[in-house]
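J.: I am sharing protein_18.cif, which consists of mmCIF, C-alpha atoms:
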```cif
data_model
#
loop_
_atom_site.group_PDB
_atom_site.id
_atom_site.type_symbol
_atom_site.label_atom_id
_atom_site.label_comp_id
_atom_site.auth_asym_id
_atom_site.auth_seq_id
_atom_site.Cartn_x
_atom_site.Cartn_y
_atom_site.Cartn_z
ATOM 1 C CA LEU A 1 -92.041 60.931 10.305
ATOM 2 C CA ARG A 2 -95.416 59.218 10.601
ATOM 3 C CA ALA A 3 -94.972 58.569 14.354
ATOM 4 C CA ASN A 4 -93.832 62.092 15.150
ATOM 5 C CA THR A 5 -95.651 63.781 18.031
ATOM 6 C CA THR A 6 -93.722 66.785 19.331
ATOM 7 C CA GLY A 7 -90.433 66.405 17.526
ATOM 8 C CA ALA A 8 -89.506 69.592 15.699
ATOM 9 C CA ASN A 9 -87.173 70.826 12.966
ATOM 10 C CA ASN A 10 -86.522 67.378 11.478
ATOM 11 C CA VAL A 11 -85.779 66.599 7.820
ATOM 12 C CA ALA A 12 -86.649 63.204 6.348
ATOM 13 C CA MET A 13 -86.087 62.238 2.711
ATOM 14 C CA GLY A 14 -86.320 58.562 1.733
ATOM 15 C CA TRP A 15 -88.457 55.500 2.372
ATOM 16 C CA GLY A 16 -88.807 54.644 6.063
ATOM 17 C CA CYS A 17 -86.392 57.261 7.376
ATOM 18 C CA LEU A 18 -87.243 58.688 10.812
ATOM 19 C CA LYS A 19 -90.447 56.598 10.725
ATOM 20 C CA THR A 20 -90.521 55.980 14.504
ATOM 21 C CA ASN A 21 -89.381 59.404 15.649
ATOM 22 C CA THR A 22 -91.675 60.779 18.356
ATOM 23 C CA THR A 23 -90.057 63.649 20.237
ATOM 24 C CA GLY A 24 -86.590 63.855 18.736
ATOM 25 C CA ASP A 25 -85.595 67.265 17.406
ATOM 26 C CA ARG A 26 -83.342 68.631 14.690
ATOM 27 C CA ASN A 27 -82.452 65.400 12.939
ATOM 28 C CA VAL A 28 -81.618 65.084 9.261
ATOM 29 C CA ALA A 29 -82.224 61.700 7.599
ATOM 30 C CA ILE A 30 -81.684 61.192 3.872
ATOM 31 C CA GLY A 31 -81.785 57.712 2.376
ATOM 32 C CA VAL A 32 -83.715 54.450 2.692
ATOM 33 C CA LEU A 33 -84.187 53.551 6.401
ATOM 34 C CA ALA A 34 -81.859 56.291 7.583
ATOM 35 C CA LEU A 35 -82.469 56.892 11.301
ATOM 36 C CA ASP A 36 -85.538 54.675 10.937
ATOM 37 C CA VAL A 37 -85.782 53.532 14.591
ATOM 38 C CA SER A 38 -84.980 56.875 16.176
ATOM 39 C CA THR A 39 -87.472 57.852 18.868
ATOM 40 C CA THR A 40 -86.083 60.671 21.019
ATOM 41 C CA ALA A 41 -82.668 61.136 19.426
ATOM 42 C CA GLN A 42 -81.589 64.675 18.636
ATOM 43 C CA TYR A 43 -79.150 66.585 16.457
ATOM 44 C CA ASN A 44 -78.226 63.600 14.271
ATOM 45 C CA ILE A 45 -77.378 63.630 10.573
ATOM 46 C CA GLY A 46 -77.747 60.372 8.687
ATOM 47 C CA ILE A 47 -77.185 60.397 4.940
ATOM 48 C CA GLY A 48 -77.169 57.094 3.060
ATOM 49 C CA ASN A 49 -79.086 53.823 3.078
ATOM 50 C CA ASP A 50 -79.437 52.547 6.659
ATOM 51 C CA ALA A 51 -77.265 55.355 7.979
ATOM 52 C CA LEU A 52 -77.666 55.400 11.766
ATOM 53 C CA GLY A 53 -80.310 52.735 11.189
ATOM 54 C CA SER A 54 -80.329 51.444 14.790
ATOM 55 C CA CYS A 55 -80.045 54.768 16.586
ATOM 56 C CA THR A 56 -82.782 55.154 19.177
ATOM 57 C CA THR A 57 -81.648 57.826 21.624
ATOM 58 C CA GLY A 58 -78.087 58.661 20.572
ATOM 59 C CA SER A 59 -77.484 62.309 19.765
ATOM 60 C CA ASN A 60 -75.046 64.590 17.954
ATOM 61 C CA ASN A 61 -73.918 61.930 15.488
ATOM 62 C CA VAL A 62 -72.969 62.492 11.853
ATOM 63 C CA GLY A 63 -73.081 59.513 9.512
ATOM 64 C CA ILE A 64 -72.587 59.791 5.760
ATOM 65 C CA GLY A 65 -72.426 56.649 3.614
ATOM 66 C CA ILE A 66 -74.035 53.245 3.154
ATOM 67 C CA ASN A 67 -74.517 51.409 6.473
ATOM 68 C CA VAL A 68 -72.644 54.086 8.367
ATOM 69 C CA MET A 69 -73.049 53.552 12.134
ATOM 70 C CA ALA A 70 -75.787 51.049 11.300
ATOM 71 C CA ALA A 71 -75.603 49.399 14.754
ATOM 72 C CA ASN A 72 -75.395 52.624 16.747
ATOM 73 C CA THR A 73 -78.105 52.663 19.419
ATOM 74 C CA VAL A 74 -77.439 55.098 22.270
ATOM 75 C CA ALA A 75 -73.940 56.372 21.482
ATOM 76 C CA SER A 76 -73.434 60.080 20.871
ATOM 77 C CA ASP A 77 -70.931 62.509 19.396
ATOM 78 C CA ASN A 78 -69.584 60.222 16.656
ATOM 79 C CA VAL A 79 -68.610 61.183 13.114
ATOM 80 C CA ALA A 80 -68.459 58.508 10.406
ATOM 81 C CA ILE A 81 -67.956 59.171 6.705
ATOM 82 C CA GLY A 82 -67.563 56.284 4.270
ATOM 83 C CA THR A 83 -69.279 52.993 3.508
ATOM 84 C CA PHE A 84 -69.480 50.754 6.606
ATOM 85 C CA ALA A 85 -67.553 53.264 8.712
ATOM 86 C CA LEU A 86 -68.261 52.616 12.406
ATOM 87 C CA ASP A 87 -70.998 50.249 11.266
ATOM 88 C CA ALA A 88 -70.701 47.930 14.329
ATOM 89 C CA ASN A 89 -70.597 50.722 16.874
ATOM 90 C CA SER A 90 -73.351 50.513 19.475
ATOM 91 C CA THR A 91 -72.259 52.397 22.607
ATOM 92 C CA GLY A 92 -68.859 53.879 21.744
ATOM 93 C CA GLU A 93 -68.802 57.665 21.891
ATOM 94 C CA SER A 94 -66.801 60.543 20.432
ATOM 95 C CA ASN A 95 -65.179 58.525 17.633
ATOM 96 C CA THR A 96 -64.219 59.931 14.243
ATOM 97 C CA ALA A 97 -64.017 57.488 11.336
ATOM 98 C CA ILE A 98 -63.367 58.672 7.788
ATOM 99 C CA GLY A 99 -62.940 56.068 5.066
ATOM 100 C CA THR A 100 -64.552 52.803 3.966
ATOM 101 C CA HIS A 101 -64.605 50.292 6.861
ATOM 102 C CA SER A 102 -62.788 52.753 9.103
ATOM 103 C CA LEU A 103 -63.307 51.617 12.720
ATOM 104 C CA GLY A 104 -65.747 49.111 11.262
ATOM 105 C CA ALA A 105 -65.612 46.632 14.188
ATOM 106 C CA CYS A 106 -65.706 49.207 16.970
ATOM 107 C CA THR A 107 -68.527 48.451 19.409
ATOM 108 C CA SER A 108 -67.757 50.318 22.621
ATOM 109 C CA GLY A 109 -64.463 52.039 21.861
ATOM 110 C CA ARG A 110 -64.352 55.786 22.356
ATOM 111 C CA TYR A 111 -62.268 58.831 21.476
ATOM 112 C CA ASN A 112 -60.695 57.066 18.486
ATOM 113 C CA VAL A 113 -59.738 58.862 15.264
ATOM 114 C CA GLY A 114 -59.310 56.832 12.095
ATOM 115 C CA VAL A 115 -58.718 58.329 8.651
ATOM 116 C CA GLY A 116 -58.289 56.034 5.652
ATOM 117 C CA ARG A 117 -59.702 52.811 4.240
ATOM 118 C CA SER A 118 -59.846 49.928 6.739
ATOM 119 C CA VAL A 119 -58.107 52.009 9.385
ATOM 120 C CA MET A 120 -58.367 50.377 12.830
ATOM 121 C CA ASP A 121 -61.130 48.165 11.497
ATOM 122 C CA SER A 122 -60.485 45.506 14.174
ATOM 123 C CA VAL A 123 -60.859 47.825 17.176
ATOM 124 C CA THR A 124 -63.628 46.660 19.512
ATOM 125 C CA SER A 125 -63.228 48.410 22.858
ATOM 126 C CA GLY A 126 -59.884 50.131 22.363
ATOM 127 C CA TYR A 127 -59.945 53.850 23.001
ATOM 128 C CA GLN A 128 -58.010 57.071 22.422
ATOM 129 C CA ASN A 129 -56.191 55.688 19.389
ATOM 130 C CA THR A 130 -55.288 57.742 16.318
ATOM 131 C CA ALA A 131 -54.495 56.145 12.961
ATOM 132 C CA VAL A 132 -54.118 57.835 9.587
ATOM 133 C CA GLY A 133 -53.384 56.005 6.342
ATOM 134 C CA TYR A 134 -54.647 52.950 4.482
ATOM 135 C CA TYR A 135 -54.767 49.928 6.825
ATOM 136 C CA ALA A 136 -53.053 51.842 9.633
ATOM 137 C CA GLY A 137 -53.676 50.257 13.021
ATOM 138 C CA HIS A 138 -55.631 47.479 11.288
ATOM 139 C CA GLY A 139 -54.932 44.860 13.980
ATOM 140 C CA ILE A 140 -55.698 46.908 17.105
ATOM 141 C CA THR A 141 -58.493 45.342 19.167
ATOM 142 C CA THR A 142 -58.318 46.598 22.750
ATOM 143 C CA GLY A 143 -55.117 48.644 22.637
ATOM 144 C CA ILE A 144 -55.299 52.228 23.886
ATOM 145 C CA ASN A 145 -53.500 55.536 23.329
ATOM 146 C CA ASN A 146 -51.693 54.473 20.161
ATOM 147 C CA VAL A 147 -50.655 56.757 17.297
ATOM 148 C CA MET A 148 -50.192 55.130 13.874
ATOM 149 C CA LEU A 149 -49.382 57.309 10.847
ATOM 150 C CA GLY A 150 -48.764 55.925 7.371
ATOM 151 C CA LYS A 151 -49.908 53.101 5.115
ATOM 152 C CA SER A 152 -50.115 49.871 7.168
ATOM 153 C CA ALA A 153 -48.391 51.610 10.075
ATOM 154 C CA GLY A 154 -48.794 49.586 13.262
ATOM 155 C CA ASP A 155 -51.047 47.036 11.573
ATOM 156 C CA SER A 156 -49.592 44.160 13.631
ATOM 157 C CA THR A 157 -50.436 45.722 17.004
ATOM 158 C CA THR A 158 -53.438 44.102 18.731
ATOM 159 C CA THR A 159 -53.546 44.804 22.466
ATOM 160 C CA GLY A 160 -50.431 46.955 22.692
ATOM 161 C CA SER A 161 -50.826 50.477 24.074
ATOM 162 C CA ARG A 162 -49.104 53.869 24.080
ATOM 163 C CA ASN A 163 -47.126 53.167 20.912
ATOM 164 C CA ILE A 164 -46.077 55.775 18.343
ATOM 165 C CA ILE A 165 -45.592 54.241 14.895
ATOM 166 C CA ILE A 166 -44.821 56.475 11.907
ATOM 167 C CA GLY A 167 -44.069 55.391 8.360
ATOM 168 C CA GLU A 168 -45.232 52.856 5.809
ATOM 169 C CA ALA A 169 -45.276 49.245 7.090
ATOM 170 C CA THR A 170 -43.612 50.139 10.392
ATOM 171 C CA ASP A 171 -44.542 48.255 13.556
ATOM 172 C CA ALA A 172 -43.923 47.935 17.272
ATOM 173 C CA THR A 173 -41.639 45.148 18.517
ATOM 174 C CA SER A 174 -44.614 42.794 18.954
ATOM 175 C CA ALA A 175 -48.402 42.717 18.716
ATOM 176 C CA THR A 176 -48.748 43.223 22.478
ATOM 177 C CA ALA A 177 -45.815 45.586 23.076
ATOM 178 C CA ASN A 178 -46.383 48.837 24.966
ATOM 179 C CA ASP A 179 -44.587 52.200 24.887
ATOM 180 C CA CYS A 180 -42.710 51.585 21.622
ATOM 181 C CA ILE A 181 -41.624 54.207 19.099
ATOM 182 C CA ASN A 182 -40.786 53.390 15.490
ATOM 183 C CA ILE A 183 -40.171 56.166 13.001
ATOM 184 C CA GLY A 184 -39.621 54.878 9.498
ATOM 185 C CA ASN A 185 -37.783 51.785 10.787
ATOM 186 C CA ILE A 186 -34.808 54.119 11.350
ATOM 187 C CA PHE A 187 -35.389 55.378 14.885
ATOM 188 C CA LYS A 188 -36.746 52.819 17.314
ATOM 189 C CA LYS A 189 -37.523 52.705 21.005
ATOM 190 C CA ALA A 190 -38.442 49.333 22.505
ATOM 191 C CA SER A 191 -40.773 48.710 25.447
ATOM 192 C CA GLY A 192 -37.841 48.437 27.848
ATOM 193 C CA GLY A 193 -36.515 51.879 26.873
ATOM 194 C CA GLU A 194 -33.725 50.746 24.532
ATOM 195 C CA ILE A 195 -33.158 53.256 21.729
ATOM 196 C CA SER A 196 -31.633 52.243 18.414
ATOM 197 C CA PHE A 197 -30.880 53.801 15.043
ATOM 198 C CA HIS A 198 -31.061 51.798 11.830
ATOM 199 C CA PRO A 199 -29.730 54.033 9.035
ATOM 200 C CA THR A 200 -30.111 52.882 5.467
ATOM 201 C CA SER A 201 -28.332 54.213 2.420
ATOM 202 C CA GLY A 202 -28.652 57.986 2.397
ATOM 203 C CA ASN A 203 -30.119 58.172 5.908
ATOM 204 C CA CYS A 204 -28.324 59.294 9.034
ATOM 205 C CA PHE A 205 -28.967 60.706 12.481
ATOM 206 C CA THR A 206 -27.593 64.196 13.024
ATOM 207 C CA ILE A 207 -27.204 66.381 16.098
ATOM 208 C CA GLY A 208 -26.967 70.111 15.369
ATOM 209 C CA ASP A 209 -23.904 72.298 15.889
ATOM 210 C CA ASN A 210 -22.514 72.528 19.413
ATOM 211 C CA LYS A 211 -24.940 69.919 20.723
ATOM 212 C CA LYS A 212 -24.178 67.026 23.032
ATOM 213 C CA VAL A 213 -25.549 63.528 23.271
ATOM 214 C CA ASN A 214 -25.744 62.262 26.832
ATOM 215 C CA ILE A 215 -26.239 58.577 27.584
ATOM 216 C CA TYR A 216 -27.202 57.622 31.125
ATOM 217 C CA GLY A 217 -26.796 53.943 31.894
ATOM 218 C CA THR A 218 -27.095 51.626 34.854
ATOM 219 C CA ASP A 219 -24.582 49.310 36.487
ATOM 220 C CA GLY A 220 -24.272 45.868 34.990
ATOM 221 C CA ASN A 221 -25.814 46.767 31.642
ATOM 222 C CA TRP A 222 -24.493 47.555 28.171
ATOM 223 C CA ASN A 223 -25.142 51.277 28.001
ATOM 224 C CA MET A 224 -24.351 51.720 24.319
ATOM 225 C CA ALA A 225 -23.929 49.195 21.532
ATOM 226 C CA MET A 226 -23.027 49.569 17.848
ATOM 227 C CA TYR A 227 -23.682 46.717 15.444
ATOM 228 C CA ALA A 228 -21.828 46.153 12.191
ATOM 229 C CA GLY A 229 -23.959 45.642 9.129
ATOM 230 C CA SER A 230 -21.612 42.970 7.759
ATOM 231 C CA THR A 231 -18.250 41.319 8.460
ATOM 232 C CA GLY A 232 -16.197 43.700 6.332
ATOM 233 C CA THR A 233 -14.276 46.801 7.386
ATOM 234 C CA GLN A 234 -16.556 49.488 8.781
ATOM 235 C CA HIS A 235 -16.061 52.813 10.515
ATOM 236 C CA PHE A 236 -18.170 53.195 13.663
ATOM 237 C CA ILE A 237 -17.149 56.700 14.778
ATOM 238 C CA ASP A 238 -15.551 59.450 12.692
ATOM 239 C CA PHE A 239 -13.811 62.363 14.457
ATOM 240 C CA ARG A 240 -13.701 65.656 12.548
ATOM 241 C CA LEU A 241 -12.756 69.289 13.193
ATOM 242 C CA SER A 242 -15.046 72.226 12.481
ATOM 243 C CA ASN A 243 -13.472 72.527 8.998
ATOM 244 C CA ASN A 244 -14.530 68.899 8.303
ATOM 245 C CA SER A 245 -10.954 67.572 8.270
ATOM 246 C CA GLN A 246 -10.704 64.071 9.721
ATOM 247 C CA VAL A 247 -8.561 63.656 12.843
ATOM 248 C CA GLY A 248 -9.382 60.090 13.780
ATOM 249 C CA TYR A 249 -11.845 57.245 13.712
ATOM 250 C CA ILE A 250 -12.819 53.930 15.279
ATOM 251 C CA ARG A 251 -13.256 51.020 12.922
ATOM 252 C CA THR A 252 -13.595 47.255 12.808
ATOM 253 C CA ASN A 253 -12.328 44.845 10.172
ATOM 254 C CA GLY A 254 -14.709 42.075 11.149
ATOM 255 C CA SER A 255 -12.435 40.453 13.725
ATOM 256 C CA SER A 256 -10.905 43.325 15.707
ATOM 257 C CA THR A 257 -11.434 47.005 16.465
ATOM 258 C CA SER A 258 -8.846 49.739 16.078
ATOM 259 C CA TYR A 259 -8.572 53.371 17.069
ATOM 260 C CA VAL A 260 -6.852 55.513 14.422
ATOM 261 C CA THR A 261 -5.778 59.093 15.039
ATOM 262 C CA SER A 262 -3.769 61.691 13.207
ATOM 263 C CA SER A 263 -1.866 62.533 16.393
ATOM 264 C CA ASP A 264 -2.347 61.163 19.896
ATOM 265 C CA HIS A 265 0.556 61.057 22.376
ATOM 266 C CA ARG A 266 -1.130 58.228 24.252
ATOM 267 C CA LEU A 267 -0.454 55.932 21.325
ATOM 268 C CA LYS A 268 3.240 56.902 20.944
ATOM 269 C CA GLU A 269 6.349 55.570 22.626
ATOM 270 C CA ASN A 270 9.331 57.479 24.023
ATOM 271 C CA VAL A 271 7.521 60.781 24.036
ATOM 272 C CA VAL A 272 9.863 63.618 25.074
ATOM 273 C CA ALA A 273 8.227 66.641 26.628
#
```
Please express the file's structure as structure tokens.
T.:
Amino acid sequence: LRANTTGANNVAMGWGCLKTNTTGDRNVAIGVLALDVSTTAQYNIGIGNDALGSCTTGSNNVGIGINVMAANTVASDNVAIGTFALDANSTGESNTAIGTHSLGACTSGRYNVGVGRSVMDSVTSGYQNTAVGYYAGHGITTGINNVMLGKSAGDSTTTGSRNIIIGEATDATSATANDCINIGNIFKKASGGEISFHPTSGNCFTIGDNKKVNIYGTDGNWNMAMYAGSTGTQHFIDFRLSNNSQVGYIRTNGSSTSYVTSSDHRLKENVVA
């Protein structure tokens, strides 16, 4: 605080911290060169070597860890906790980065939330993204409004936007795809609006009692498609009564499809009323 003139209520502990502060108020700097170039910045907390080390006029930032927000100059309202978290940020505002290297490449991105090691650590100017989990959203650069939850969730997305990706190692349909949904690689919605279910052993999609599923299609398109998992006999649709007794089903044997019913007069000959 050797350059301090009218700055008040500041705390400096460590070699070189807050050494250029002149009129900035209510800053806390703990660690070698923490907030060392701050002049008029206010309400900042920098704890750790070189924490907020480039901040000149930015305010209301919280940085805890080695090299946290080390490149931050004028940006405000950021929170970074973890070594190298938000360490490239210069003008991006209102970001929250928790975890080593979280949002580490962000320069001008804003309103991002990253929780976990290396979360969204390729984001540069992307904004309003949320990623939680180790490596989640790792590849995002300029994409916006994405939600990635789970280890490595959405890590292949780069410039894609408005995607919701939930589950370990789940991704959108491509690195640049927009408006995709992928939940556990079981429920998927592609950019064009196509919805698909990919059940694995023990997983299924269930609609509650007395509920309907409505499918609205357009002329000239396949409105609903079911894909067999192999070439063997498979049941696509099972018809059951409320007591769970089976009354019919639709199946394929790999080369043809048949409709089987316990009783259906449409499939009988010489029916007498």
J.: Have a look at A:Gln246, A:Gln128, A:Thr39, A:Thr233 and name the one nearest to Asn145 of chain A; count all atoms listed in the file.
T.: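 Of the candidates, the smallest distance to Asn145 of chain A is held by A:Gln128.
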J.: For Thr159 of chain A, which residue out of A:Ser54, A:Ser245, A:Asn9, A:Asn178 is the nearest one, using all atoms listed in the file?
T.: A:Asn178
J.: I need the residue set behind the PyMOL selection byres ((chain A and resi 238) around 9) for this file; please write it as a ChimeraX atom specification.
T.: /A:235-237,239-240,246-251
J.: Evaluate the PyMOL selection byres ((chain A and resi 228-232) around 8) here and jot the selected residues down as a ChimeraX atom specification.
T.: /A:226-227,233-234,252-255
J.: Might you pull out every residue within 12 Å of segment 171-177 of chain A, with all atoms listed in the file counted and same-chain residues fewer than 3 positions away left off, and present them as a PyMOL selection string?
T.: chain A and resi 136-144+146-168+180-194
J.: For a test of reading the model, state the distance in Å between atom CA of Phe84 of chain A and atom CA of Val62 of chain A, rounded to one decimal.
T.: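 We find that atom CA of Phe84 of chain A and atom CA of Val62 of chain A lie 13.3 Å from each other.
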J.: Would you write out, as a list in words, every residue that the PyMOL selection byres ((chain A and resi 93-101) around 6) captures in this file?
T.: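 Listing what the PyMOL selection byres ((chain A and resi 93-101) around 6) selects in the shown file: Ala75, Ser76, Asp77, Asn78, Val79, Ala80, Ile81, Gly82, Thr83, Phe84, Ala85, Gly92, Ser102, Gly104, Arg110, Tyr111, Asn112, Val113, Gly114, Val115, Gly116, Arg117 and Ser118 of chain A.
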J.: Work out how far atom CA of Gly126 of chain A is from atom CA of Ala34 of chain A, in Å to one decimal.
T.: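 Value for the atom CA of Ala34 of chain A-atom CA of Gly126 of chain A distance: 27.2 Å.
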J.: Quick one, how far is atom CA of Thr107 of chain A from atom CA of Ala12 of chain A?
T.: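 Going from atom CA of Thr107 of chain A over to atom CA of Ala12 of chain A covers 26.8 Å.
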J.: From the set A:Tyr43, A:Ser258, A:Leu52, A:Gly31, which residue has the shortest atom-to-atom contact distance to Gly7 of chain A, counting all atoms listed in the file?
T.: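 Ranking A:Tyr43, A:Ser258, A:Leu52, A:Gly31 by distance to Gly7 of chain A, first place goes to A:Tyr43.
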J.: What residues have an atom no more than 12 Å from (-85.3, 66.4, 20.1) in the file's own frame, counting all atoms listed in the file, and can you write them as number ranges by chain?
T.: A: 4-10, 21-28, 38-44, 56-60
J.: Dig up all the protein and nucleic acid residues within 9 Å of (-82.7, 51.0, 11.5) in the file frame, using only C-alpha atoms, and format them as a ChimeraX atom specification.
T.: /A:16-18,33-38,50-56,70-71
J.: Taking the partial coordinates given, rebuild segment 246-257 of chain A to contain N, CA, C and O atoms; return it as a JSON list (two decimals), in the coordinates of the input.
T.:
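To be explicit, this is the file written out as out28.json:
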```
[["chain", "number", "residue", "atom", "x", "y", "z"],
["A", 246, "GLN", "N", -10.66, 65.24, 8.85],
["A", 246, "GLN", "CA", -10.70, 64.07, 9.72],
["A", 246, "GLN", "C", -9.48, 64.02, 10.62],
["A", 246, "GLN", "O", -8.34, 64.20, 10.16],
["A", 247, "VAL", "N", -9.67, 63.74, 11.89],
["A", 247, "VAL", "CA", -8.56, 63.66, 12.84],
["A", 247, "VAL", "C", -8.52, 62.30, 13.54],
["A", 247, "VAL", "O", -7.66, 62.06, 14.39],
["A", 248, "GLY", "N", -9.42, 61.41, 13.18],
["A", 248, "GLY", "CA", -9.38, 60.09, 13.78],
["A", 248, "GLY", "C", -10.68, 59.34, 13.56],
["A", 248, "GLY", "O", -11.68, 59.93, 13.14],
["A", 249, "TYR", "N", -10.63, 58.04, 13.84],
["A", 249, "TYR", "CA", -11.84, 57.24, 13.71],
["A", 249, "TYR", "C", -11.67, 55.92, 14.44],
["A", 249, "TYR", "O", -10.56, 55.49, 14.77],
["A", 250, "ILE", "N", -12.81, 55.27, 14.70],
["A", 250, "ILE", "CA", -12.82, 53.93, 15.28],
["A", 250, "ILE", "C", -13.44, 53.01, 14.24],
["A", 250, "ILE", "O", -14.51, 53.29, 13.72],
["A", 251, "ARG", "N", -12.75, 51.91, 13.96],
["A", 251, "ARG", "CA", -13.26, 51.02, 12.92],
["A", 251, "ARG", "C", -13.06, 49.56, 13.33],
["A", 251, "ARG", "O", -12.30, 49.24, 14.24],
["A", 252, "THR", "N", -13.77, 48.69, 12.63],
["A", 252, "THR", "CA", -13.60, 47.26, 12.81],
["A", 252, "THR", "C", -13.36, 46.62, 11.45],
["A", 252, "THR", "O", -13.88, 47.09, 10.44],
["A", 253, "ASN", "N", -12.56, 45.57, 11.42],
["A", 253, "ASN", "CA", -12.33, 44.84, 10.17],
["A", 253, "ASN", "C", -13.05, 43.51, 10.15],
["A", 253, "ASN", "O", -12.76, 42.64, 9.34],
["A", 254, "GLY", "N", -13.95, 43.31, 11.08],
["A", 254, "GLY", "CA", -14.71, 42.08, 11.15],
["A", 254, "GLY", "C", -14.22, 41.14, 12.22],
["A", 254, "GLY", "O", -14.96, 40.24, 12.67],
["A", 255, "SER", "N", -12.97, 41.32, 12.67],
["A", 255, "SER", "CA", -12.44, 40.45, 13.72],
["A", 255, "SER", "C", -11.83, 41.23, 14.88],
["A", 255, "SER", "O", -11.67, 40.71, 15.97],
["A", 256, "SER", "N", -11.48, 42.49, 14.65],
["A", 256, "SER", "CA", -10.90, 43.32, 15.71],
["A", 256, "SER", "C", -11.31, 44.78, 15.49],
["A", 256, "SER", "O", -11.79, 45.16, 14.42],
["A", 257, "THR", "N", -11.09, 45.58, 16.52],
["A", 257, "THR", "CA", -11.43, 47.00, 16.46],
["A", 257, "THR", "C", -10.18, 47.82, 16.69],
["A", 257, "THR", "O", -9.35, 47.49, 17.55]]
```
